[in-house]
Structures are given as structure tokens and as C-alpha cells.
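Student: Please see the structure below; I have some questions.
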Amino acid sequence: MTTETEGQLRSAVQVLLDAGIRMPVLTAAAKASSWHPTVTTRVQATLSQFVDELQAYGVDVQSLVTPAPASPSVAVPEAVRRFGASPAGQPTDPALRQPAEPVFVGRLAFGAGPSVQPLDPALRTPAGTPNTQVEPAGQHRVSQVATAAASERPRHEVELPTVPVLSAAAVLNLPSHKPSLEFEGTLDGLRGVPIDDLAGIRDDAGVGDKELERLHAAGISSVYDLMMRIPLRYIDRSQITALADLRPGTKNVATVGKVVSTKADYAKRYARIEVGVGRHRVSSIQFQAPWMAQRFRADDLVLLYGDVTEWNGFVQMPGALIAPMKDATAPFMPVYPQSEKHQVSTWTLHRAALDALRRIPTLDDPVPDRIRTTRGLPTRLAAMRAVHVPDNAEDATVGRDRLAYDELLRMQLAMGVHRAAAKARPAVVHSPTGTLTRRWLETLPWALTGAQNRVLKEIAEDLRSSSPMKRLLQGDVGSGKTATAIGAMLMAIEGGHQAALMAPIGVLVQQHYEEIAETCEQLGLRAVLVPGKNKVKARREALAGLESGKIHIAVGTTALLSEDVVFRSLGLVVIDEQHRFGVNQRAALIAKGPGGAVADELGATATPIPRTAAMTQFGDVDISILDELPPGRTPIQTRWEPVVPLDDADHTHWQFVRAQVDAGRQAFVVCPLVAEPETKAGQESEAQAAAAVETAVALDEGALSGLRIAVVTGRLKPADRAEVMHSFATGEVDVLVATTVIEVGVSVPNATTITILNAGNFGLAQLHQLRGRVGRGKYAGFCVLTGEVSDVGQARMDAMCATTDGFKLANVDLELRGPGALAGSAQAGHRAGLLVADLLADAELMHAARADAHEMLSTDPLLKRRPTLRAEVELALGEDAHYLQRS
């Protein structure tokens, strides 16, 4: 076929496309830079269906078209078969595929006329396109740029200019048209420099207030915010792949080209940007970001980074990062977190960061030179430059670690200053004699574990100190925390003081009281369960005994916090499940010490805490760990069964439960969580309680019919709940269906089996706590987790089945939930002031920061010698500095 003939066919194809007649053969032919003879045959066969339409526009195609083939098959030469597809398959090139039935999307009257540009930007003619024939484009399929006129206008060459690659120092030394930023030269001074003072935000980038609003909405309002916005990754300019060498299936590829066309579809919420080099093209669909089409113009030099795919035989990079390359760049280009919601691009952030660094002449560094040298840390300004304009990956890592270290050091200093201030408060000085503790140990049917003896020695040293004790006792389920707490309270009583134990729920309080009261009776002491204000007489007697000193130990919930609860000499406060109380509640109780002194505080938790989490959340607290279990405890056997019907009495699990009951044992069944957003934290919803009742009815009528089944929920009145628990503890009930009200503190040694329904709705810590309700006696314990789970839920089930070690499970839980879990309620915000550091991945940095903070505070406990560093701590953490002591 002659060039003239192909040109006439191309013009005819374009007329049909402009008229709205969209067919795979026509589209593929229009975008192909050169035609195989088979393509010509297909085009001629297709044009024969539209002779009338073409003639209406004055196109003489009688000599160009051929009748449509009688058979739907088209003979494909063997050479073509080997190149495009196997003999039995469709060719990759859409132009070589079997033609579909013609689809009349529109008539010529609704399309573009011969002198009108096509509606699709990819088919328009860029300004200055030469009217010359181009050579075949090789294996890449490239877009055909043509007008709707009958004349031939083949694809143009896209020439790629050279963008110089300079060293990071050379890039930073390029001049800025604006003067140095005005601030006092401190990190906090950068907080006061507005982001709109930087080039590339208003004037240079050609955007205005809208861009500024987007940056503010994305949390970037100052230069400080910008410097702390760390790139997600970097693109190595030495690893750029030529556009002609892109191959579908490759991942994380960077290429450079010029923008050929852009298209925004706001109805379908996407933008398409086509980039070319020479005769080769690649397009990128930016989903949910039609605004991206407005950011680029024809002939803009851009870098694309992403995965290479193929669609209908054409190379694409869907969702690729696209960044302009207007200026000389360093060897490593940063890729920042983009915000589709606020329409903030990585290039906007990069240009702003570059301009800021060029205009920051110096930056104070309050970290002592000795510590920086020992840790191998760069200066703060050098770290910022290395993060945003690095020469290599190592520089970027070192810079990022310095900024992360600063954040962790501020956190540790905040907790250290708080701890020093607490230590300066007047405290109760105890004089434990050992008279009560020795008698108590003689009454125990077992010997204390080595861990319990070690922790009691640590507590005794704290009690003798003139500084207030602030210690956290953590241990796994059944490790003996209650016994250790009793020993600590007896030490306080030996010195002539009183003790109080506060727990979050009534069931737990009642259990603690019964155990403490039994001990007190054996030793000739008095303990009281402080009732609520509705029990007037009992409360009045209890308060009188506490004020006179005749009662030695008070046990209660938040009733202990009331102003009318007055102690003669409160020396020790034990707070069980201390994370369930707020900092103000705990402070109110320890403030009831004698003569303005604060009582010593011993917190306890049955939820093991990973070391990193402990340093983060309890950096101002001494931690004691009970890492041994009392002898004779049998590990609980755990398994997961996805489906355990409540009405199937023949199911192996329910048969096992029935066998345990027949053997004289008892069982728990925990009903699934019911999500109700309006329910306050820590309160059980009505739906939750109703679900427990429904579960009990289903079991009574189904799988466990004939057994004695009872229900306990958090919605029951305390007296009714206590009565049900007493019936279960005394063996009057075989199976107790419960909500998570039994999660902590409930101890029924005869209970050997616990079934947790829909276990995937619970976290690992909760599952471990619930499992700890069984296996507390001489009989083996069994835990069955039920329900379908997600991938993360499956990981929880696997972990539960693999170990009963709460500390191992705590680390698994931390890995599954990520570092945000360590920040508690702050995870929805800025993670306790951390913008760079990762509380999970930066464990080593955390250890270093903690050690350095202790060293600095050892000679300067209130940072009076380092006012700049102190100001950074207070301003960076703000309320979060106190959050670290909250629940």
C-alpha cells in the first residue's frame, strides 16, 4: 500500500471517530503509527459499512474500501501469528482482532465537521506539529495525532530536553529570588513562618489562595509542618527507564517524558495524562483526581513513577506519580505523601521544601554536641537538607533518623521532667517491719514465686524512700498480682498507715474484697468494702472507721474518690486495671495522704505491655514484671473453629462442653460484641446485654439443653450481678453466658472451658484476658474461638492458638495494629506529637533517646540549663505531654 493510500484511509478513519462512531478497529488504527497489511484489510472492510456517511462529507472511498469478508475469520500470516498471538488466540493488537458488530454511537451531525478539532485531546494536533510522515514506531503502540481534515497529519516527534543532575549541595546553593526567612533561628521559630511565604505556593507555581487553602486543610500551615512532612520514598535518577523500554508487568518504574495531552472527566472522577518521547507514548489514568489534568500542559517535562501495565495492547501507568521537572534536581528525588482529598501534589511539597531550605541560613541545635557525636547524628539543619534533598539513600536515612530522634527525645524529656516534679512532692515515708508479711506468708498454701519476691523487695525500697512511689505492676493472667498487692498493703500497715485498693468494676471489687478480707481476718486487721451513697448506714460506718484509723484497708470503685471519704493516714494506693482510670481520678485518690503528702501509688495491669510501649506510655513510671506463674498451673489449650452452631447439640465442641459439665466442671460462653457508636466508652449497650440473653436462650433450647444456664451482663444491677456470680462460683450454674463483664478479675477455679463467639470482633488483649478466666485451678483449661475472621483476625487466631504467653501476644498485637496503637486515643490525631518517628520501627532510637534524656535530667531535672530544649518539649507536645499519664 502506498503512503498516499494509507494517508487517505487515515483521514477517513478520523472522520468516523469525530462523528462519534467508536469501534475497536477504528480506534486502534488511528493510534497506530504504521499499519500492517492486515490492519489495512480490516480498515477497508470496516469502512465499507459507512460509505454513505463518508460520501456525505466528500470523501471518495470507492477506490479504498473492499466488501466485508463473508467469513468472520481473517487470514493472518504465520509470521503475524507468531508475533501477535498463538494460532488459536486473538492477537494483542486491537487492530488485528475480529471485528465486532458496528455500534452507531452517533451520526455525523452530532460530531465534529471536517474543520473541527476532535473532542478527545489525545487526538488533537499540538501546535507546531510538522506535516511529515514518520517511521514505524517499533513494538510500542503510540497515539496518532491528527486533525479531522481529510489531509494526512501523522504523529509528531517529541524531543526530550536534558535536565541536569546536580549534587544535593549544588541544588541547595541555587539562588532564591526571595531573602532569607525571618525567624529567630530555632525549630519553634519555624512554626511561625507561614507556608505561603515560600516560592512555588503562590507566584512561581501559578496558583493562589486555593492552593494555600488545600495545604492548610492537609495540615501544612507553617514551614515547620513542611519540614516534618517526610517523603515516603525516593526516586533514583540513575535508575530512570527510557519510555521506549517500558514493559508491562514491571513494578516501581521511573521514566521521563513530555506531556502530549491531558483529559479530565469530572463525571467519572478521573484524569488521563499522556506522555511521550519520540514516537512512543504512555498514558496514566489518575483515578479520583480529575484535578490533576489542570496541573499539566502540553510539552511539560514530567517524571512518572509507578507500575507499568497494558490495556488493549497499549502501555499504561495507572495511578502513577507525575511530577514536573522544570529545574535541575539532585540525584534522589523525594516522593511525598499526596492528598487526593485536598489535592496536594508531591511536586508542590518538593518545590516548597526546596525553597525553604535555600532560605534557612542557620538553625539552632539544642542537643549537646557530645551526644550528637556519640550517636553519630548530623546537625538539625543538615538532617532537614538530607531528608528533602539527599545525595543518596544513606543520607536520607541518617537525616530522617535525626528528626525522629528529636521527637522521641522530646517525649522522654517531657516524661522525665514530669517524673522529677512528682518526685519533688512530699511523700509518706514507710517503715515496714516484716511482722505482718511474715505471718501472712505462713498462712499461704503455696510459696511465692521468685518474681513475686523480687517485686516485693522493689516495692519495699520505694516505700522507705522519701520520694513518692509510682510503680506499675504488670503480669500475665494468673501470675499473682493480687497476692503481691496484698503484700505491699501489709508493708504500709506495718508502718502505721492505711491502704486503699480501687478497681473499675463491681465484680472485680467484690472478688478483691473477699480475698483481702480473708487475709485481714487471719491477721487481726479490718478491711471494708466502701459502698455507694445509696447504702447510707453501711457507708457511714465505713467512713467513720477509715477516718479514725480502725479500718486498715478500703476496697471500692470510684466511690473512694468522694470528698467525704477521709483517711487517718493513707499511705498506699493500689489501682487495679489502672489504664481504665483517668489521670485526674488517680491523682485525686493519692492526694488523700496525711498532712498534704501524697500516698504511694502501685498500679496493676493484667495486659502485658511491650517494652517500646512501656517506654512510650509509662516513661515516668517504674515497672515491675511478674514473669513467672505459680507452680501447678496447666497451660490452656486453645483452638479456633469457624462454625459452631448454637442449635447443633451433636457438634463436637458442644459435646465436649457437656462432657466437662458431666465430669463436674463448669463453662463460660462469651457472646459477641455488638457495635453501637452512641454507647459511651466503657459502658455496655442494651443490644450487648440483649445478645447475651438471646445466646443463652438459643443454647438452652439447642446445643446445651438440659444444663443449668445463667446470664450475666454489665446492664444488671450490681446486686443481681453479684447473685448470679455467686451461684456460678458455688456450682449452682453449669454454664455462664456473659458479656465482657467477666474479662478481668473473675476467678472460678472449677471453670475449665470458655467459648468465645465471633472471636474476630475482639482484640488480642481482650481474647487473652477472657481466656484467663479458665485454667485457674487444678484442672486443665480449654478455650475455643469461633466465627469467620478477616486476614488480620486470622493472624490473631493463629497467635492465640500458638501461645499463652501474654507478653508474646502483646508484641504480636503491636505488630498487627501498628505504632498508632501505642498512642491510644491520640492515634486519630498526631500520635502524641510524633510526625516523623515510628514507635514500632524506631525502637532502637527510643532506647537511645531515653538514655540520653536520663543523662541530661540527672544533672538538670527541670531543664533549667536548657531553656530552648524545654520550650521545644512544652510546645511540641503540649497537652500530649500530659496525655502520656492518661488512660
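Within each chain, counting starts at residue 1; across the C-alpha cells, chains are named A, B, ... in the order shown, with ligands numbered 1 upward in that order.
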Per residue of range 496-606 of chain A within 7 Å of range 468-490 of chain A, note the shortest atom pair and the distance in Å to one decimal, counting only C-alpha atoms, and order the rows by chain and increasing residue number, as a tab-separated table.
Tutor:
```
residue	atom	partner	partner_atom	distance
A:Ala499	CA	A:Met489	CA	5.7
A:Leu572	CA	A:Met489	CA	6.7
A:Val598	CA	A:Pro468	CA	6.9
A:Ala599	CA	A:Pro468	CA	6.9
A:Asp600	CA	A:Met469	CA	4.7
A:Glu601	CA	A:Lys470	CA	5.0
A:Leu602	CA	A:Arg471	CA	5.1
A:Gly603	CA	A:Leu472	CA	4.6
A:Ala604	CA	A:Leu473	CA	4.6
A:Thr605	CA	A:Gln474	CA	5.0
A:Ala606	CA	A:Asp476	CA	5.5
```
Student: Within range 208-417 of chain A, find each residue whose DSSP state, derived from the backbone, is helix (DSSP H, G or I), and express the selection as an MDAnalysis selection string.
Tutor: chainID A and resid 209:217 223:227 237:239 243:245 290:295 346:358 369:375 380:388 393:417
Student: Store the residues of this selection in a file with C-alpha atoms, as a PDB file, in the first residue's frame.
Tutor:
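result-v6.pdb was written with the following content:
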```
ATOM      1  CA  ASP A 209      -5.325  31.101  47.609  1.00  0.00           C
ATOM      2  CA  LYS A 210      -6.969  27.803  46.698  1.00  0.00           C
ATOM      3  CA  GLU A 211      -3.625  26.044  46.826  1.00  0.00           C
ATOM      4  CA  LEU A 212      -2.920  27.648  50.160  1.00  0.00           C
ATOM      5  CA  GLU A 213      -6.284  26.504  51.487  1.00  0.00           C
ATOM      6  CA  ARG A 214      -5.527  22.953  50.356  1.00  0.00           C
ATOM      7  CA  LEU A 215      -2.208  22.931  52.154  1.00  0.00           C
ATOM      8  CA  HIS A 216      -3.802  24.244  55.333  1.00  0.00           C
ATOM      9  CA  ALA A 217      -6.526  21.598  55.083  1.00  0.00           C
ATOM     10  CA  VAL A 223       7.465  25.838  57.372  1.00  0.00           C
ATOM     11  CA  TYR A 224       7.836  23.604  60.435  1.00  0.00           C
ATOM     12  CA  ASP A 225       4.924  21.461  59.245  1.00  0.00           C
ATOM     13  CA  LEU A 226       6.547  21.255  55.827  1.00  0.00           C
ATOM     14  CA  MET A 227       9.957  20.224  57.164  1.00  0.00           C
ATOM     15  CA  ARG A 237      17.674   9.489  38.894  1.00  0.00           C
ATOM     16  CA  SER A 238      20.341   6.981  37.841  1.00  0.00           C
ATOM     17  CA  GLN A 239      17.626   4.303  37.582  1.00  0.00           C
ATOM     18  CA  LEU A 243       9.957   5.398  27.879  1.00  0.00           C
ATOM     19  CA  ALA A 244      10.612   3.219  24.835  1.00  0.00           C
ATOM     20  CA  ASP A 245      11.849   0.450  27.143  1.00  0.00           C
ATOM     21  CA  PRO A 290      -9.681  14.846  37.732  1.00  0.00           C
ATOM     22  CA  TRP A 291      -7.971  17.992  39.019  1.00  0.00           C
ATOM     23  CA  MET A 292      -4.611  16.500  38.044  1.00  0.00           C
ATOM     24  CA  ALA A 293      -5.326  17.336  34.385  1.00  0.00           C
ATOM     25  CA  GLN A 294      -5.226  21.026  35.254  1.00  0.00           C
ATOM     26  CA  ARG A 295      -1.724  20.745  36.704  1.00  0.00           C
ATOM     27  CA  THR A 346       4.223  15.820  45.758  1.00  0.00           C
ATOM     28  CA  TRP A 347       5.707  18.418  43.432  1.00  0.00           C
ATOM     29  CA  THR A 348       4.094  21.273  45.337  1.00  0.00           C
ATOM     30  CA  LEU A 349       5.623  19.977  48.542  1.00  0.00           C
ATOM     31  CA  HIS A 350       9.013  19.377  46.930  1.00  0.00           C
ATOM     32  CA  ARG A 351       9.308  22.882  45.459  1.00  0.00           C
ATOM     33  CA  ALA A 352       8.195  24.466  48.721  1.00  0.00           C
ATOM     34  CA  ALA A 353      10.653  22.400  50.784  1.00  0.00           C
ATOM     35  CA  LEU A 354      13.464  23.231  48.369  1.00  0.00           C
ATOM     36  CA  ASP A 355      12.776  26.937  48.574  1.00  0.00           C
ATOM     37  CA  ALA A 356      12.527  26.814  52.375  1.00  0.00           C
ATOM     38  CA  LEU A 357      15.878  25.072  52.752  1.00  0.00           C
ATOM     39  CA  ARG A 358      17.569  27.594  50.458  1.00  0.00           C
ATOM     40  CA  ASP A 369      27.457  18.294  70.758  1.00  0.00           C
ATOM     41  CA  ARG A 370      28.767  15.446  72.885  1.00  0.00           C
ATOM     42  CA  ILE A 371      25.549  13.473  72.492  1.00  0.00           C
ATOM     43  CA  ARG A 372      25.353  14.196  68.765  1.00  0.00           C
ATOM     44  CA  THR A 373      28.920  12.994  68.285  1.00  0.00           C
ATOM     45  CA  THR A 374      28.377   9.853  70.338  1.00  0.00           C
ATOM     46  CA  ARG A 375      25.196   8.965  68.470  1.00  0.00           C
ATOM     47  CA  ARG A 380      19.339  19.561  62.731  1.00  0.00           C
ATOM     48  CA  LEU A 381      19.618  21.718  59.603  1.00  0.00           C
ATOM     49  CA  ALA A 382      21.838  19.141  57.882  1.00  0.00           C
ATOM     50  CA  ALA A 383      19.232  16.494  58.705  1.00  0.00           C
ATOM     51  CA  MET A 384      16.431  18.515  57.119  1.00  0.00           C
ATOM     52  CA  ARG A 385      18.501  19.056  53.989  1.00  0.00           C
ATOM     53  CA  ALA A 386      19.358  15.357  53.790  1.00  0.00           C
ATOM     54  CA  VAL A 387      15.720  14.370  54.131  1.00  0.00           C
ATOM     55  CA  HIS A 388      14.327  16.688  51.466  1.00  0.00           C
ATOM     56  CA  ALA A 393      19.627   6.757  50.324  1.00  0.00           C
ATOM     57  CA  GLU A 394      22.038   6.616  53.248  1.00  0.00           C
ATOM     58  CA  ASP A 395      21.996  10.396  53.692  1.00  0.00           C
ATOM     59  CA  ALA A 396      18.196  10.405  53.617  1.00  0.00           C
ATOM     60  CA  THR A 397      18.038   7.685  56.287  1.00  0.00           C
ATOM     61  CA  VAL A 398      20.514   9.416  58.586  1.00  0.00           C
ATOM     62  CA  GLY A 399      18.640  12.710  58.255  1.00  0.00           C
ATOM     63  CA  ARG A 400      15.289  11.125  58.929  1.00  0.00           C
ATOM     64  CA  ASP A 401      16.640   9.288  61.991  1.00  0.00           C
ATOM     65  CA  ARG A 402      17.887  12.576  63.444  1.00  0.00           C
ATOM     66  CA  LEU A 403      14.456  14.178  63.144  1.00  0.00           C
ATOM     67  CA  ALA A 404      12.825  11.077  64.625  1.00  0.00           C
ATOM     68  CA  TYR A 405      15.350  11.060  67.476  1.00  0.00           C
ATOM     69  CA  ASP A 406      14.480  14.683  68.270  1.00  0.00           C
ATOM     70  CA  GLU A 407      10.799  13.802  68.616  1.00  0.00           C
ATOM     71  CA  LEU A 408      11.480  10.795  70.823  1.00  0.00           C
ATOM     72  CA  LEU A 409      13.925  12.787  72.952  1.00  0.00           C
ATOM     73  CA  ARG A 410      11.294  15.476  73.495  1.00  0.00           C
ATOM     74  CA  MET A 411       8.837  12.790  74.578  1.00  0.00           C
ATOM     75  CA  GLN A 412      11.275  11.213  77.016  1.00  0.00           C
ATOM     76  CA  LEU A 413      12.289  14.605  78.398  1.00  0.00           C
ATOM     77  CA  ALA A 414       8.643  15.515  78.939  1.00  0.00           C
ATOM     78  CA  MET A 415       8.061  12.362  80.940  1.00  0.00           C
ATOM     79  CA  GLY A 416      11.336  12.830  82.788  1.00  0.00           C
ATOM     80  CA  VAL A 417      10.500  16.396  83.789  1.00  0.00           C
TER      81      VAL A 417
END
```
Student: Find the residues around Gly556 in chain A up to 10 Å (only C-alpha atoms counted), leave out those fewer than 3 positions away in its own chain, and share them as a PyMOL selection string.
Tutor: chain A and resi 500-506+508-510+512-513+528-532+559-561
Student: For the residues in the current selection, export N, CA and C atoms as a tab-separated table (two decimals), in the first residue's frame.
Tutor:
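again_23.tsv was written with the following content:
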```
chain	number	residue	atom	x	y	z
A	500	ALA	N	-5.51	1.54	100.31
A	500	ALA	CA	-6.77	1.52	99.57
A	500	ALA	C	-6.54	0.82	98.24
A	501	LEU	N	-7.53	0.04	97.82
A	501	LEU	CA	-7.48	-0.62	96.51
A	501	LEU	C	-8.70	-0.20	95.71
A	502	MET	N	-8.46	0.35	94.54
A	502	MET	CA	-9.55	0.79	93.66
A	502	MET	C	-9.53	-0.04	92.38
A	503	ALA	N	-10.70	-0.55	91.99
A	503	ALA	CA	-10.85	-1.35	90.78
A	503	ALA	C	-12.01	-0.79	89.97
A	504	PRO	N	-12.03	-1.06	88.65
A	504	PRO	CA	-13.01	-0.38	87.79
A	504	PRO	C	-14.43	-0.92	87.83
A	505	ILE	N	-14.63	-2.20	88.13
A	505	ILE	CA	-15.97	-2.78	88.07
A	505	ILE	C	-16.31	-3.49	89.36
A	506	GLY	N	-17.60	-3.56	89.65
A	506	GLY	CA	-18.05	-4.12	90.91
A	506	GLY	C	-17.69	-5.58	91.10
A	508	LEU	N	-15.11	-7.22	90.04
A	508	LEU	CA	-13.70	-7.30	90.40
A	508	LEU	C	-13.46	-6.78	91.82
A	509	VAL	N	-14.15	-5.71	92.17
A	509	VAL	CA	-14.01	-5.16	93.51
A	509	VAL	C	-14.46	-6.18	94.55
A	510	GLN	N	-15.57	-6.83	94.30
A	510	GLN	CA	-16.10	-7.82	95.25
A	510	GLN	C	-15.11	-8.97	95.43
A	512	HIS	N	-11.82	-8.90	94.95
A	512	HIS	CA	-10.66	-8.41	95.70
A	512	HIS	C	-11.00	-8.30	97.19
A	513	TYR	N	-12.16	-7.78	97.47
A	513	TYR	CA	-12.54	-7.59	98.88
A	513	TYR	C	-12.60	-8.93	99.62
A	528	VAL	N	-12.72	-3.00	104.59
A	528	VAL	CA	-14.09	-2.61	104.34
A	528	VAL	C	-14.30	-2.42	102.84
A	529	LEU	N	-15.48	-2.80	102.39
A	529	LEU	CA	-15.90	-2.53	101.02
A	529	LEU	C	-16.72	-1.25	101.05
A	530	VAL	N	-16.16	-0.17	100.55
A	530	VAL	CA	-16.84	1.13	100.63
A	530	VAL	C	-18.03	1.12	99.69
A	531	PRO	N	-19.24	1.20	100.22
A	531	PRO	CA	-20.43	1.14	99.37
A	531	PRO	C	-20.74	2.49	98.76
A	532	GLY	N	-21.73	2.48	97.85
A	532	GLY	CA	-22.19	3.73	97.25
A	532	GLY	C	-23.03	4.52	98.23
A	559	ALA	N	-16.11	5.12	94.12
A	559	ALA	CA	-16.70	5.63	95.36
A	559	ALA	C	-15.62	6.12	96.31
A	560	LEU	N	-14.42	5.60	96.20
A	560	LEU	CA	-13.31	6.02	97.06
A	560	LEU	C	-12.90	7.47	96.79
A	561	LEU	N	-13.28	8.01	95.64
A	561	LEU	CA	-12.84	9.34	95.26
A	561	LEU	C	-13.70	10.44	95.87
```
Student: Given only C-alpha atoms as the basis, pick out the residue of A:Ile756, A:Asn584, A:Ser569, A:Ala849 nearest to Ala837 in chain A.
Tutor: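 Looking only at the distances to Ala837 in chain A, the closest residue turns out to be A:Ala849.
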Student: Quick check, in Å to one decimal: how far apart do CA of Gln522 in chain A and CA of Trp446 in chain A lie?
Tutor: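 So the answer is 16.2 Å.
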Student: So which one's closest to Arg419 in chain A, A:Thr443, A:Ala168, A:Val644, A:Val621? Using only C-alpha atoms, please.
Tutor: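 Among the listed residues, the smallest separation from Arg419 in chain A belongs to A:Val621.
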Student: When DSSP works through the backbone of this structure, what residues of range 647-801 of chain A end up as strand (DSSP E), shown as a list of chain:residue names?
Tutor: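 Selecting the strand (DSSP E) positions of range 647-801 of chain A gives A:Gln666, A:Ala667, A:Phe668, A:Val669, A:Val670, A:Ile709, A:Ala710, A:Val711, A:Val712, A:Val735, A:Leu736, A:Val737, A:Ala738, A:Ala751, A:Thr752, A:Thr753, A:Ile754, A:Thr755, A:Ile756, A:Phe782, A:Cys783, A:Val784, A:Leu785, A:Thr786.
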Student: Output C-alpha atoms for every residue in that selection, as a short mmCIF file (atom, residue, chain, number, x, y, z; two decimals), in the first residue's frame.
Tutor:
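Output file out-v9.cif is given in full below:
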```cif
data_model
loop_
_atom_site.label_atom_id
_atom_site.label_comp_id
_atom_site.auth_asym_id
_atom_site.auth_seq_id
_atom_site.Cartn_x
_atom_site.Cartn_y
_atom_site.Cartn_z
CA GLN A 666 -18.26 -25.58 84.55
CA ALA A 667 -18.08 -23.46 81.40
CA PHE A 668 -18.20 -19.86 80.17
CA VAL A 669 -19.75 -18.72 76.90
CA VAL A 670 -18.87 -15.17 75.88
CA ILE A 709 -27.55 -21.87 82.19
CA ALA A 710 -27.40 -18.34 83.59
CA VAL A 711 -26.66 -14.92 82.13
CA VAL A 712 -24.56 -12.07 83.49
CA VAL A 735 -22.80 -22.66 82.03
CA LEU A 736 -22.48 -18.90 82.42
CA VAL A 737 -23.29 -16.86 79.31
CA ALA A 738 -21.66 -13.48 79.72
CA ALA A 751 -14.46 -23.48 85.31
CA THR A 752 -12.44 -25.29 82.65
CA THR A 753 -13.98 -24.29 79.29
CA ILE A 754 -14.60 -20.93 77.69
CA THR A 755 -16.24 -20.47 74.30
CA ILE A 756 -15.78 -17.04 72.71
CA PHE A 782 -9.75 -25.16 77.28
CA CYS A 783 -10.56 -22.16 75.08
CA VAL A 784 -12.45 -22.33 71.79
CA LEU A 785 -12.59 -19.31 69.48
CA THR A 786 -15.41 -19.28 66.94
#
```
Student: From the list A:Lys550, A:Arg721, A:Arg359, A:Lys808, which residue is nearest Leu190 in chain A when using only C-alpha atoms?
Tutor: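 For Leu190 in chain A, the nearest of the given residues is A:Arg359.
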